[in-house]
Structure formats: structure tokens, C-alpha cells
Amino acid sequence: RVLVVGGTPSTAACEPMSSAELYDATTDRWSRTSHLPVPVGRGAFAVTLADGRVLVAGGGTSCGTLSSSAVLFDPTSNTWSRTAPMEAPARFPIATLLRDDRVVVSGAATTMYDPETAAWTPLGDPRPLTGAACEGDVGTYSRVLDPYSVIGRATPEDCSSVTVLPAGTLLVAGGLSRSKRALGSVQITDLETGEGVPSWDMRVARVGHTATRLG
């Protein structure tokens with residue numbers, strides 16, 4: 001399953017979204033989760049922890065609002081809960097799950113989240129590890145496509161979400177239309193052939209959201 005959360009109704013919207021939904025690859029259907037305890041704007045990150053829960057934090061809006069809020073999603077109960085906020089607000093940060101289940105997040109600064117203590121700890125070097133996560137080419141490797149072939153171009157202003165699914169496919173959801181409106185369209189891309197197949201639309205159009213595979 002894939003969890004889609006956050007974003008804004010349009011690039012000009014100043015209100016982040018508090019809704020989320022799940023995509024089930026076996027049924028090719030979408031369903032809503034319970035509402036988030038805090039809204040999650042564009043450019044938040046989502047990481048699936050070792051116990052199956054999903055950590056979602058950061059984000060903002062085009063009106064200059066930045067968030068340091070963090071929440072946890074439990075897929076077994078389909079519920080959300082608050083956790084400690086980040087040390088500093090971040091939009092489009094890089095987030096990586098370590099082998100010990102801690103999460104390294106690099107945005108305005110670099111910090112570590114420990115799910116056992118629900119606490120954030122700054123790293124020794126507070127500088128960001130890299131630039132914005134949503135900028136640059138989206139590449140992949142397959143037997144048919146050349147290594148690291150460019151399959152798309154993404155910027156913080158028109159990011160759809162890209163999630164790896166079982167059987168070597170990508171779920172590409174949301175993004176911006178040419179008229180600058182958020183999209184709810186979904187496409188499944190085969191990594192071996194590079195071909196895309198349309199799928200059912202999301203229930204809510206989103207841009208700048210996150211999508212995370214559960215299990």
C-alpha cells in the first residue's frame with residue numbers, strides 16, 4: 001500500500017492539507033485515512049519506520065509558512081498521532097532511515113529522530129547534507145533503460161510523488177497541470193519497459209505532497 005499525505009489544493013493556496021489517503025496496489029483503489037492532528041503542507045517528508053509506522057514532518061505553503069510539526073501514522077489502526085516537532089522548520093528536506101531505525105533529516109539543518117525516545121537530536125555539523133530533494137532529474141535503473149536514465153524532471157513547484165511498488169513498477173501521483181492546478185491523476189510506470197499505464201485518480205488533487213510505500 002502507498003500512503004499519500006499533505007500538500008496544498010493549488011500552488012497559490014496558503015492553507016496546508018490535513019487529509020491523507022491510501023492506495024492499495026492489489027485492488028487498484030484509494031481510501032481515506034483518519035484526519036491528521038496537524039495539517040501537512042508542500043514539501044514535507046515521509047519515512048516508513050521498522051515497526052511499520054510512518055513519520056511525516058516539515059512542509060510549508062507558497063505564502064512563506066514553514067512547519068516543524070511531526071506526526072506518526074499507524075497503518076494497523078489507520079490513525080495519526082503527534083510526536084515531538086523538529087528542531088527547525090524544513091521544506092523539501094532529505095530524509096533517510098538508518099539501520100538502527102533512526103531517521104536522519106537534512107533541511108535547514110541536519111537532525112536525527114529516534115522513534116524509541118520520540119526525540120530529535122542535532123548532528124555535530126548543522127549544515128544541510130544536500131539541496132532541495134524535489135529538484136533535479138528523477139532517474140532509475142532497469143534492464144531495458146540505460147543506467148540512471150532520466151524518466152522525469154521535478155522542481156519544488158511541480159512535484160508529483162514517485163513511489164516504488166512491488167513487481168518493479170513506479171506509482172506517480174499528483175503534480176501540476178499546465179494551468180497550474182493540482183492534479184489527482186495517477187500513472188503506473190513499468191521500470192523494465194518504461195511504459196506508463198493510467199490508474200484510478202486519487203480522491204483529492206495534490207501538489208508537493210509525499211507518498212510512502214507501507215510494507
# chains A, B, ... in the order shown; residues from 1 in each chain; ligands from 1
>>> residues_around(residues="stretch 11-25 of chain A", least_positions_apart="5", cutoff="8 Å", atoms="only C-alpha atoms", output="ChimeraX atom specification")
/A:1-6,30-42,60-63,65,157,165,180-182,203,207
>>> closest_residue(among="A:Ala57, A:Thr83, A:Asp28, A:Ser77", to="A:Pro198", atoms="only C-alpha atoms")
A:Asp28
>>> atom_distance(atom1="atom CA of A:Ser69", atom2="atom CA of A:Thr121")
15.0 Å
>>> residues_around(residues="A:Arg53", least_positions_apart="2", cutoff="9 Å", atoms="only C-alpha atoms", output="list in words")
Val47, Thr48, Leu49, Ala50, Asp51, Leu55, Leu72, Phe73, Asp74, Pro75, Thr76 and Leu214 of chain A
>>> write_last_selection(atoms="all heavy atoms", output="tab-separated table (two decimals), in the first residue's frame")
chain	number	residue	atom	x	y	z
A	47	VAL	N	8.71	8.90	6.01
A	47	VAL	CA	9.61	7.75	6.09
A	47	VAL	C	8.91	6.63	6.85
A	47	VAL	O	8.37	6.85	7.93
A	47	VAL	CB	10.93	8.12	6.80
A	47	VAL	CG1	11.78	6.89	7.01
A	47	VAL	CG2	11.70	9.15	6.01
A	48	THR	N	8.93	5.41	6.28
A	48	THR	CA	8.36	4.25	6.97
A	48	THR	C	9.39	3.67	7.94
A	48	THR	O	10.50	3.33	7.53
A	48	THR	CB	7.93	3.17	5.96
A	48	THR	OG1	6.98	3.72	5.05
A	48	THR	CG2	7.31	1.98	6.67
A	49	LEU	N	9.02	3.59	9.21
A	49	LEU	CA	9.91	3.06	10.24
A	49	LEU	C	9.89	1.53	10.24
A	49	LEU	O	9.06	0.90	9.59
A	49	LEU	CB	9.50	3.61	11.61
A	49	LEU	CG	9.41	5.13	11.72
A	49	LEU	CD1	8.90	5.53	13.10
A	49	LEU	CD2	10.76	5.78	11.43
A	50	ALA	N	10.82	0.94	11.01
A	50	ALA	CA	10.94	-0.52	11.03
A	50	ALA	C	9.68	-1.20	11.56
A	50	ALA	O	9.37	-2.32	11.17
A	50	ALA	CB	12.16	-0.92	11.86
A	51	ASP	N	8.94	-0.53	12.46
A	51	ASP	CA	7.74	-1.14	13.02
A	51	ASP	C	6.50	-0.91	12.16
A	51	ASP	O	5.39	-1.28	12.55
A	51	ASP	CB	7.48	-0.62	14.44
A	51	ASP	CG	7.27	0.89	14.50
A	51	ASP	OD1	7.19	1.53	13.42
A	51	ASP	OD2	7.19	1.43	15.62
A	55	LEU	N	6.66	8.21	9.72
A	55	LEU	CA	6.98	9.53	10.26
A	55	LEU	C	6.82	10.57	9.16
A	55	LEU	O	7.42	10.44	8.09
A	55	LEU	CB	8.41	9.54	10.80
A	55	LEU	CG	8.97	10.91	11.23
A	55	LEU	CD1	8.25	11.41	12.48
A	55	LEU	CD2	10.48	10.81	11.46
A	72	LEU	N	2.92	10.80	13.36
A	72	LEU	CA	3.14	9.39	13.07
A	72	LEU	C	1.83	8.75	12.62
A	72	LEU	O	0.78	8.98	13.22
A	72	LEU	CB	3.66	8.65	14.31
A	72	LEU	CG	5.08	9.01	14.76
A	72	LEU	CD1	5.33	8.47	16.16
A	72	LEU	CD2	6.11	8.43	13.78
A	73	PHE	N	1.91	7.93	11.55
A	73	PHE	CA	0.74	7.19	11.06
A	73	PHE	C	0.92	5.72	11.37
A	73	PHE	O	1.96	5.13	11.08
A	73	PHE	CB	0.57	7.38	9.56
A	73	PHE	CG	-0.56	6.57	8.98
A	73	PHE	CD1	-1.88	6.89	9.27
A	73	PHE	CD2	-0.30	5.48	8.15
A	73	PHE	CE1	-2.93	6.14	8.75
A	73	PHE	CE2	-1.35	4.74	7.61
A	73	PHE	CZ	-2.66	5.07	7.91
A	74	ASP	N	-0.11	5.11	11.98
A	74	ASP	CA	-0.11	3.68	12.29
A	74	ASP	C	-1.04	2.99	11.29
A	74	ASP	O	-2.26	3.12	11.39
A	74	ASP	CB	-0.59	3.46	13.72
A	74	ASP	CG	-0.46	2.00	14.15
A	74	ASP	OD1	-0.37	1.12	13.27
A	74	ASP	OD2	-0.43	1.74	15.36
A	75	PRO	N	-0.49	2.24	10.32
A	75	PRO	CA	-1.35	1.61	9.31
A	75	PRO	C	-2.23	0.50	9.84
A	75	PRO	O	-3.23	0.15	9.23
A	75	PRO	CB	-0.33	1.08	8.29
A	75	PRO	CG	0.92	0.90	9.05
A	75	PRO	CD	0.94	1.98	10.09
A	76	THR	N	-1.87	-0.08	11.00
A	76	THR	CA	-2.70	-1.15	11.55
A	76	THR	C	-4.01	-0.62	12.13
A	76	THR	O	-5.04	-1.29	12.06
A	76	THR	CB	-1.94	-1.92	12.65
A	76	THR	OG1	-1.57	-1.01	13.70
A	76	THR	CG2	-0.68	-2.55	12.08
A	214	LEU	N	3.93	1.28	2.23
A	214	LEU	CA	3.78	0.63	3.52
A	214	LEU	C	4.04	-0.86	3.36
A	214	LEU	O	3.25	-1.57	2.76
A	214	LEU	CB	2.37	0.85	4.10
A	214	LEU	CG	1.92	2.31	4.18
A	214	LEU	CD1	0.50	2.37	4.74
A	214	LEU	CD2	2.87	3.11	5.03
>>> residues_around(residues="stretch 96-107 of chain A", least_positions_apart="5", cutoff="7 Å", atoms="only C-alpha atoms", output="count of residues only")
11
